[in-house]
file start_22.cif (mmCIF, N, CA and C atoms)
data_entry
#
loop_
_atom_site.label_atom_id
_atom_site.label_comp_id
_atom_site.auth_asym_id
_atom_site.auth_seq_id
_atom_site.Cartn_x
_atom_site.Cartn_y
_atom_site.Cartn_z
N MET A 15 17.57 -12.06 4.54
CA MET A 15 18.33 -10.89 4.90
C MET A 15 17.69 -9.65 4.26
N ILE A 16 17.53 -8.60 5.03
CA ILE A 16 16.94 -7.37 4.52
C ILE A 16 18.03 -6.55 3.85
N GLU A 17 17.79 -6.23 2.59
CA GLU A 17 18.73 -5.44 1.81
C GLU A 17 18.56 -3.95 2.13
N PRO A 18 19.61 -3.15 1.93
CA PRO A 18 19.52 -1.70 2.21
C PRO A 18 18.38 -1.03 1.44
N GLU A 19 18.15 -1.44 0.19
CA GLU A 19 17.07 -0.82 -0.58
C GLU A 19 15.71 -1.17 -0.01
N ASP A 20 15.59 -2.35 0.62
CA ASP A 20 14.33 -2.72 1.27
C ASP A 20 14.09 -1.85 2.50
N ILE A 21 15.15 -1.55 3.23
CA ILE A 21 15.03 -0.66 4.39
C ILE A 21 14.57 0.71 3.93
N MET A 22 15.14 1.18 2.81
CA MET A 22 14.73 2.47 2.27
C MET A 22 13.27 2.46 1.87
N LYS A 23 12.80 1.34 1.30
CA LYS A 23 11.40 1.23 0.91
C LYS A 23 10.51 1.27 2.16
N HIS A 24 10.92 0.57 3.20
CA HIS A 24 10.16 0.58 4.46
C HIS A 24 10.09 1.99 5.02
N GLU A 25 11.23 2.67 5.02
CA GLU A 25 11.27 4.04 5.54
C GLU A 25 10.40 4.97 4.71
N ASP A 26 10.43 4.81 3.39
CA ASP A 26 9.60 5.63 2.50
C ASP A 26 8.12 5.37 2.78
N ALA A 27 7.75 4.11 2.91
CA ALA A 27 6.36 3.77 3.19
C ALA A 27 5.93 4.33 4.55
N ALA A 28 6.78 4.21 5.56
CA ALA A 28 6.46 4.72 6.90
C ALA A 28 6.31 6.24 6.87
N LYS A 29 7.20 6.92 6.14
CA LYS A 29 7.13 8.37 6.02
C LYS A 29 5.82 8.78 5.33
N ARG A 30 5.46 8.08 4.29
CA ARG A 30 4.22 8.37 3.59
C ARG A 30 3.01 8.15 4.50
N LEU A 31 3.05 7.11 5.32
CA LEU A 31 1.93 6.85 6.24
C LEU A 31 1.81 7.94 7.29
N LYS A 32 2.93 8.46 7.75
CA LYS A 32 2.88 9.58 8.70
C LYS A 32 2.23 10.79 8.05
N THR A 33 2.55 11.03 6.79
CA THR A 33 1.92 12.13 6.05
C THR A 33 0.43 11.89 5.93
N VAL A 34 0.05 10.66 5.63
CA VAL A 34 -1.38 10.30 5.53
C VAL A 34 -2.08 10.55 6.86
N GLU A 35 -1.43 10.17 7.96
CA GLU A 35 -2.02 10.40 9.28
C GLU A 35 -2.32 11.88 9.48
N GLY A 36 -1.38 12.73 9.10
CA GLY A 36 -1.58 14.17 9.23
C GLY A 36 -2.72 14.66 8.36
N HIS A 37 -2.79 14.13 7.13
CA HIS A 37 -3.87 14.52 6.23
C HIS A 37 -5.23 14.08 6.78
N VAL A 38 -5.30 12.88 7.31
CA VAL A 38 -6.57 12.37 7.86
C VAL A 38 -7.01 13.24 9.04
N ALA A 39 -6.07 13.61 9.89
CA ALA A 39 -6.42 14.51 11.00
C ALA A 39 -6.91 15.84 10.46
N GLY A 40 -6.29 16.32 9.38
CA GLY A 40 -6.73 17.56 8.76
C GLY A 40 -8.13 17.44 8.19
N ILE A 41 -8.44 16.31 7.60
CA ILE A 41 -9.79 16.08 7.06
C ILE A 41 -10.81 16.08 8.19
N ARG A 42 -10.46 15.42 9.30
CA ARG A 42 -11.36 15.42 10.45
C ARG A 42 -11.64 16.84 10.91
N ARG A 43 -10.58 17.64 11.02
CA ARG A 43 -10.75 19.04 11.42
C ARG A 43 -11.62 19.81 10.42
N MET A 44 -11.39 19.55 9.15
CA MET A 44 -12.19 20.22 8.12
C MET A 44 -13.67 19.90 8.30
N LEU A 45 -13.98 18.64 8.58
CA LEU A 45 -15.37 18.25 8.79
C LEU A 45 -15.94 18.90 10.05
N GLU A 46 -15.12 18.91 11.11
CA GLU A 46 -15.57 19.54 12.36
C GLU A 46 -15.83 21.04 12.18
N GLU A 47 -15.07 21.65 11.29
CA GLU A 47 -15.19 23.10 11.04
C GLU A 47 -16.14 23.39 9.88
N ASP A 48 -16.82 22.35 9.40
CA ASP A 48 -17.81 22.49 8.33
C ASP A 48 -17.20 23.11 7.06
N ALA A 49 -16.05 22.58 6.67
CA ALA A 49 -15.36 23.07 5.47
C ALA A 49 -16.17 22.74 4.22
N TYR A 50 -15.84 23.41 3.15
CA TYR A 50 -16.51 23.21 1.87
C TYR A 50 -16.33 21.75 1.43
N CYS A 51 -17.41 21.11 1.07
CA CYS A 51 -17.41 19.67 0.78
C CYS A 51 -16.40 19.27 -0.30
N ILE A 52 -16.30 20.06 -1.34
CA ILE A 52 -15.37 19.72 -2.42
C ILE A 52 -13.93 19.76 -1.92
N ASP A 53 -13.62 20.69 -1.04
CA ASP A 53 -12.27 20.74 -0.46
C ASP A 53 -12.00 19.48 0.36
N VAL A 54 -13.00 19.02 1.09
CA VAL A 54 -12.86 17.79 1.87
C VAL A 54 -12.64 16.60 0.93
N ILE A 55 -13.43 16.53 -0.12
CA ILE A 55 -13.31 15.43 -1.08
C ILE A 55 -11.92 15.43 -1.71
N ARG A 56 -11.41 16.59 -2.05
CA ARG A 56 -10.06 16.66 -2.65
C ARG A 56 -9.00 16.14 -1.67
N GLN A 57 -9.16 16.46 -0.40
CA GLN A 57 -8.20 15.96 0.59
C GLN A 57 -8.33 14.44 0.76
N ILE A 58 -9.55 13.95 0.70
CA ILE A 58 -9.77 12.49 0.78
C ILE A 58 -9.10 11.82 -0.41
N GLN A 59 -9.24 12.40 -1.59
CA GLN A 59 -8.61 11.84 -2.78
C GLN A 59 -7.08 11.84 -2.65
N ALA A 60 -6.53 12.88 -2.04
CA ALA A 60 -5.08 12.93 -1.83
C ALA A 60 -4.63 11.81 -0.90
N VAL A 61 -5.42 11.57 0.14
CA VAL A 61 -5.10 10.48 1.08
C VAL A 61 -5.19 9.13 0.37
N GLN A 62 -6.23 8.95 -0.43
CA GLN A 62 -6.37 7.69 -1.17
C GLN A 62 -5.18 7.47 -2.10
N ALA A 63 -4.74 8.51 -2.78
CA ALA A 63 -3.59 8.39 -3.68
C ALA A 63 -2.33 8.05 -2.89
N ALA A 64 -2.16 8.67 -1.74
CA ALA A 64 -0.99 8.38 -0.91
C ALA A 64 -1.02 6.94 -0.41
N LEU A 65 -2.18 6.46 0.00
CA LEU A 65 -2.30 5.07 0.44
C LEU A 65 -2.04 4.10 -0.71
N ASN A 66 -2.51 4.45 -1.89
CA ASN A 66 -2.24 3.61 -3.06
C ASN A 66 -0.75 3.52 -3.32
N LYS A 67 -0.03 4.62 -3.14
CA LYS A 67 1.42 4.62 -3.34
C LYS A 67 2.10 3.72 -2.30
N VAL A 68 1.66 3.79 -1.05
CA VAL A 68 2.21 2.92 -0.01
C VAL A 68 1.93 1.46 -0.37
N GLY A 69 0.72 1.18 -0.82
CA GLY A 69 0.38 -0.18 -1.24
C GLY A 69 1.27 -0.66 -2.37
N LYS A 70 1.57 0.22 -3.32
CA LYS A 70 2.44 -0.13 -4.44
C LYS A 70 3.85 -0.44 -3.94
N ILE A 71 4.34 0.35 -3.00
CA ILE A 71 5.68 0.11 -2.45
C ILE A 71 5.74 -1.26 -1.77
N VAL A 72 4.73 -1.56 -0.96
CA VAL A 72 4.71 -2.83 -0.23
C VAL A 72 4.54 -4.01 -1.20
N LEU A 73 3.67 -3.85 -2.19
CA LEU A 73 3.48 -4.91 -3.18
C LEU A 73 4.76 -5.15 -3.97
N ASP A 74 5.42 -4.09 -4.37
CA ASP A 74 6.68 -4.22 -5.12
C ASP A 74 7.70 -5.00 -4.30
N GLU A 75 7.80 -4.66 -3.03
CA GLU A 75 8.74 -5.36 -2.17
C GLU A 75 8.36 -6.84 -2.04
N HIS A 76 7.07 -7.10 -1.89
CA HIS A 76 6.59 -8.48 -1.75
C HIS A 76 6.90 -9.28 -3.02
N LEU A 77 6.62 -8.68 -4.17
CA LEU A 77 6.87 -9.38 -5.43
C LEU A 77 8.35 -9.69 -5.63
N HIS A 78 9.20 -8.76 -5.21
CA HIS A 78 10.63 -8.94 -5.41
C HIS A 78 11.31 -9.75 -4.32
N SER A 79 10.56 -10.15 -3.32
CA SER A 79 11.17 -10.97 -2.27
C SER A 79 10.39 -12.27 -2.11
N CYS A 80 9.27 -12.22 -1.45
CA CYS A 80 8.51 -13.43 -1.13
C CYS A 80 8.06 -14.20 -2.37
N VAL A 81 7.54 -13.49 -3.35
CA VAL A 81 7.02 -14.17 -4.53
C VAL A 81 8.15 -14.81 -5.34
N ILE A 82 9.21 -14.06 -5.55
CA ILE A 82 10.35 -14.62 -6.30
C ILE A 82 10.91 -15.84 -5.58
N THR A 83 11.05 -15.75 -4.28
CA THR A 83 11.57 -16.88 -3.50
C THR A 83 10.67 -18.10 -3.67
N ALA A 84 9.35 -17.89 -3.59
CA ALA A 84 8.42 -19.01 -3.71
C ALA A 84 8.42 -19.60 -5.12
N VAL A 85 8.45 -18.75 -6.12
CA VAL A 85 8.41 -19.22 -7.50
C VAL A 85 9.69 -19.98 -7.86
N GLN A 86 10.81 -19.55 -7.34
CA GLN A 86 12.07 -20.22 -7.62
C GLN A 86 12.29 -21.45 -6.74
N GLY A 87 11.47 -21.59 -5.71
CA GLY A 87 11.63 -22.71 -4.78
C GLY A 87 11.08 -24.01 -5.33
N GLU A 88 11.33 -25.05 -4.59
CA GLU A 88 10.92 -26.39 -4.98
C GLU A 88 9.52 -26.75 -4.50
N ASN A 89 8.98 -25.98 -3.57
CA ASN A 89 7.71 -26.32 -2.93
C ASN A 89 6.53 -25.83 -3.77
N GLN A 90 5.88 -26.74 -4.47
CA GLN A 90 4.76 -26.40 -5.35
C GLN A 90 3.61 -25.77 -4.58
N SER A 91 3.29 -26.29 -3.40
CA SER A 91 2.17 -25.73 -2.63
C SER A 91 2.46 -24.30 -2.17
N GLU A 92 3.72 -24.02 -1.87
CA GLU A 92 4.10 -22.65 -1.49
C GLU A 92 3.97 -21.71 -2.68
N ARG A 93 4.36 -22.18 -3.85
CA ARG A 93 4.19 -21.37 -5.07
C ARG A 93 2.71 -21.06 -5.29
N GLU A 94 1.90 -22.06 -5.19
CA GLU A 94 0.45 -21.88 -5.40
C GLU A 94 -0.14 -20.94 -4.35
N ARG A 95 0.29 -21.08 -3.11
CA ARG A 95 -0.22 -20.23 -2.03
C ARG A 95 0.11 -18.76 -2.28
N VAL A 96 1.35 -18.50 -2.65
CA VAL A 96 1.78 -17.12 -2.87
C VAL A 96 1.07 -16.52 -4.08
N LEU A 97 0.93 -17.30 -5.13
CA LEU A 97 0.21 -16.80 -6.31
C LEU A 97 -1.26 -16.54 -6.00
N LYS A 98 -1.86 -17.41 -5.20
CA LYS A 98 -3.26 -17.20 -4.81
C LYS A 98 -3.40 -15.93 -3.98
N GLU A 99 -2.44 -15.68 -3.12
CA GLU A 99 -2.47 -14.43 -2.33
C GLU A 99 -2.51 -13.21 -3.25
N ILE A 100 -1.67 -13.22 -4.27
CA ILE A 100 -1.63 -12.09 -5.20
C ILE A 100 -2.97 -11.94 -5.90
N ILE A 101 -3.54 -13.03 -6.34
CA ILE A 101 -4.85 -12.98 -6.99
C ILE A 101 -5.90 -12.46 -6.02
N ASP A 102 -5.89 -12.93 -4.78
CA ASP A 102 -6.86 -12.49 -3.78
C ASP A 102 -6.73 -10.99 -3.50
N VAL A 103 -5.50 -10.50 -3.39
CA VAL A 103 -5.29 -9.07 -3.15
C VAL A 103 -5.79 -8.27 -4.35
N TYR A 104 -5.49 -8.75 -5.54
CA TYR A 104 -5.94 -8.06 -6.75
C TYR A 104 -7.47 -8.01 -6.79
N GLU A 105 -8.11 -9.13 -6.53
CA GLU A 105 -9.57 -9.17 -6.55
C GLU A 105 -10.17 -8.26 -5.48
N ALA A 106 -9.58 -8.26 -4.30
CA ALA A 106 -10.08 -7.41 -3.21
C ALA A 106 -9.93 -5.93 -3.56
N SER A 107 -8.87 -5.58 -4.28
CA SER A 107 -8.66 -4.18 -4.63
C SER A 107 -9.65 -3.70 -5.68
N ASN A 108 -10.28 -4.62 -6.38
CA ASN A 108 -11.24 -4.25 -7.41
C ASN A 108 -12.68 -4.25 -6.90
N LYS A 109 -12.87 -4.58 -5.64
CA LYS A 109 -14.21 -4.53 -5.03
C LYS A 109 -14.40 -3.15 -4.43
N VAL A 110 -15.47 -2.55 -4.78
CA VAL A 110 -15.75 -1.23 -4.22
C VAL A 110 -17.18 -1.19 -3.73
#
call {"tool": "encode", "arguments": {"input": "start_22.cif", "output": "structure tokens"}}
result
Amino acid sequence: MIEPEDIMKHEDAAKRLKTVEGHVAGIRRMLEEDAYCIDVIRQIQAVQAALNKVGKIVLDEHLHSCVITAVQGENQSERERVLKEIIDVYEASNKV
């Protein structure tokens, strides 16, 4: 069952993504208009920070729902699968 606070988190993440979409379009326009490179980089950094925040919201929701359910459950393979997912996501986020 989806809790009201989860719906709010989804709405917050969706709103943030819409803002990111607008920023990305703005960055494209800046590049097309040959804007100052540092200004473009600053906008890219703002988009990256916004995406990181969306990722944090989604991860928080996942940890408080799917992971808790799996860890409290009886299925050992499901626990291992969910924990491996978290490790994989963490490792992927550290690859640049």
call {"tool": "residues_around", "arguments": {"input": "start_22.cif", "residues": "Val68 (chain A)", "least_positions_apart": "6", "cutoff": "7 Å", "atoms": "all atoms listed in the file", "output": "MDAnalysis selection string"}}
result
chainID A and resid 26:27 30:31
call {"tool": "atom_distance", "arguments": {"input": "start_22.cif", "atom1": "atom C of Ala84 (chain A)", "atom2": "atom N of Asn108 (chain A)"}}
result
24.0 Å
call {"tool": "atom_distance", "arguments": {"input": "start_22.cif", "atom1": "atom C of Ile52 (chain A)", "atom2": "CA of Glu35 (chain A)"}}
result
18.8 Å
call {"tool": "closest_residue", "arguments": {"input": "start_22.cif", "among": "A:Ser107, A:Ile71, A:Glu99, A:Ala63", "to": "His24 (chain A)", "atoms": "all atoms listed in the file"}}
result
A:Ile71
call {"tool": "atom_distance", "arguments": {"input": "start_22.cif", "atom1": "CA of Asp53 (chain A)", "atom2": "CA of Asn66 (chain A)"}}
result
20.0 Å
call {"tool": "residues_around", "arguments": {"input": "start_22.cif", "residues": "Tyr104 (chain A)", "least_positions_apart": "5", "cutoff": "12 Å", "atoms": "only C-alpha atoms", "output": "number ranges by chain"}}
result
A: 69-70, 73, 97-99, 109
call {"tool": "build_atoms", "arguments": {"input": "start_22.cif", "residues": "region 59-77 of chain A", "atoms": "N, CA, C and O atoms", "output": "mmCIF file, in the frame of the given file"}}
result
data_model
loop_
_atom_site.group_PDB
_atom_site.id
_atom_site.type_symbol
_atom_site.label_atom_id
_atom_site.label_comp_id
_atom_site.auth_asym_id
_atom_site.auth_seq_id
_atom_site.Cartn_x
_atom_site.Cartn_y
_atom_site.Cartn_z
ATOM 1 N N GLN A 59 -9.240 12.400 -1.590
ATOM 2 C CA GLN A 59 -8.610 11.840 -2.780
ATOM 3 C C GLN A 59 -7.080 11.840 -2.650
ATOM 4 O O GLN A 59 -6.421 10.888 -3.080
ATOM 5 N N ALA A 60 -6.530 12.880 -2.040
ATOM 6 C CA ALA A 60 -5.080 12.930 -1.830
ATOM 7 C C ALA A 60 -4.630 11.810 -0.900
ATOM 8 O O ALA A 60 -3.596 11.175 -1.124
ATOM 9 N N VAL A 61 -5.420 11.570 0.140
ATOM 10 C CA VAL A 61 -5.100 10.480 1.080
ATOM 11 C C VAL A 61 -5.190 9.130 0.370
ATOM 12 O O VAL A 61 -4.318 8.272 0.536
ATOM 13 N N GLN A 62 -6.230 8.950 -0.430
ATOM 14 C CA GLN A 62 -6.370 7.690 -1.170
ATOM 15 C C GLN A 62 -5.180 7.470 -2.100
ATOM 16 O O GLN A 62 -4.652 6.354 -2.180
ATOM 17 N N ALA A 63 -4.740 8.510 -2.780
ATOM 18 C CA ALA A 63 -3.590 8.390 -3.680
ATOM 19 C C ALA A 63 -2.330 8.050 -2.890
ATOM 20 O O ALA A 63 -1.531 7.203 -3.332
ATOM 21 N N ALA A 64 -2.160 8.670 -1.740
ATOM 22 C CA ALA A 64 -0.990 8.380 -0.910
ATOM 23 C C ALA A 64 -1.020 6.940 -0.410
ATOM 24 O O ALA A 64 0.016 6.257 -0.395
ATOM 25 N N LEU A 65 -2.180 6.460 0.000
ATOM 26 C CA LEU A 65 -2.300 5.070 0.440
ATOM 27 C C LEU A 65 -2.040 4.100 -0.710
ATOM 28 O O LEU A 65 -1.404 3.050 -0.517
ATOM 29 N N ASN A 66 -2.510 4.450 -1.890
ATOM 30 C CA ASN A 66 -2.240 3.610 -3.060
ATOM 31 C C ASN A 66 -0.750 3.520 -3.320
ATOM 32 O O ASN A 66 -0.231 2.454 -3.678
ATOM 33 N N LYS A 67 -0.030 4.620 -3.140
ATOM 34 C CA LYS A 67 1.420 4.620 -3.340
ATOM 35 C C LYS A 67 2.100 3.720 -2.300
ATOM 36 O O LYS A 67 2.998 2.948 -2.633
ATOM 37 N N VAL A 68 1.660 3.790 -1.050
ATOM 38 C CA VAL A 68 2.210 2.920 -0.010
ATOM 39 C C VAL A 68 1.930 1.460 -0.370
ATOM 40 O O VAL A 68 2.820 0.603 -0.276
ATOM 41 N N GLY A 69 0.720 1.180 -0.820
ATOM 42 C CA GLY A 69 0.380 -0.180 -1.240
ATOM 43 C C GLY A 69 1.270 -0.660 -2.370
ATOM 44 O O GLY A 69 1.713 -1.818 -2.383
ATOM 45 N N LYS A 70 1.570 0.220 -3.320
ATOM 46 C CA LYS A 70 2.440 -0.130 -4.440
ATOM 47 C C LYS A 70 3.850 -0.440 -3.940
ATOM 48 O O LYS A 70 4.471 -1.405 -4.393
ATOM 49 N N ILE A 71 4.340 0.350 -3.000
ATOM 50 C CA ILE A 71 5.680 0.110 -2.450
ATOM 51 C C ILE A 71 5.740 -1.260 -1.770
ATOM 52 O O ILE A 71 6.662 -2.050 -1.987
ATOM 53 N N VAL A 72 4.730 -1.560 -0.960
ATOM 54 C CA VAL A 72 4.710 -2.830 -0.230
ATOM 55 C C VAL A 72 4.540 -4.010 -1.200
ATOM 56 O O VAL A 72 5.226 -5.032 -1.077
ATOM 57 N N LEU A 73 3.670 -3.850 -2.190
ATOM 58 C CA LEU A 73 3.480 -4.910 -3.180
ATOM 59 C C LEU A 73 4.760 -5.150 -3.970
ATOM 60 O O LEU A 73 5.154 -6.304 -4.183
ATOM 61 N N ASP A 74 5.420 -4.090 -4.370
ATOM 62 C CA ASP A 74 6.680 -4.220 -5.120
ATOM 63 C C ASP A 74 7.700 -5.000 -4.300
ATOM 64 O O ASP A 74 8.367 -5.902 -4.812
ATOM 65 N N GLU A 75 7.800 -4.660 -3.030
ATOM 66 C CA GLU A 75 8.740 -5.360 -2.170
ATOM 67 C C GLU A 75 8.360 -6.840 -2.040
ATOM 68 O O GLU A 75 9.212 -7.726 -2.093
ATOM 69 N N HIS A 76 7.070 -7.100 -1.890
ATOM 70 C CA HIS A 76 6.590 -8.480 -1.750
ATOM 71 C C HIS A 76 6.900 -9.280 -3.020
ATOM 72 O O HIS A 76 7.378 -10.418 -2.947
ATOM 73 N N LEU A 77 6.620 -8.680 -4.170
ATOM 74 C CA LEU A 77 6.870 -9.380 -5.430
ATOM 75 C C LEU A 77 8.350 -9.690 -5.630
ATOM 76 O O LEU A 77 8.704 -10.758 -6.124
#
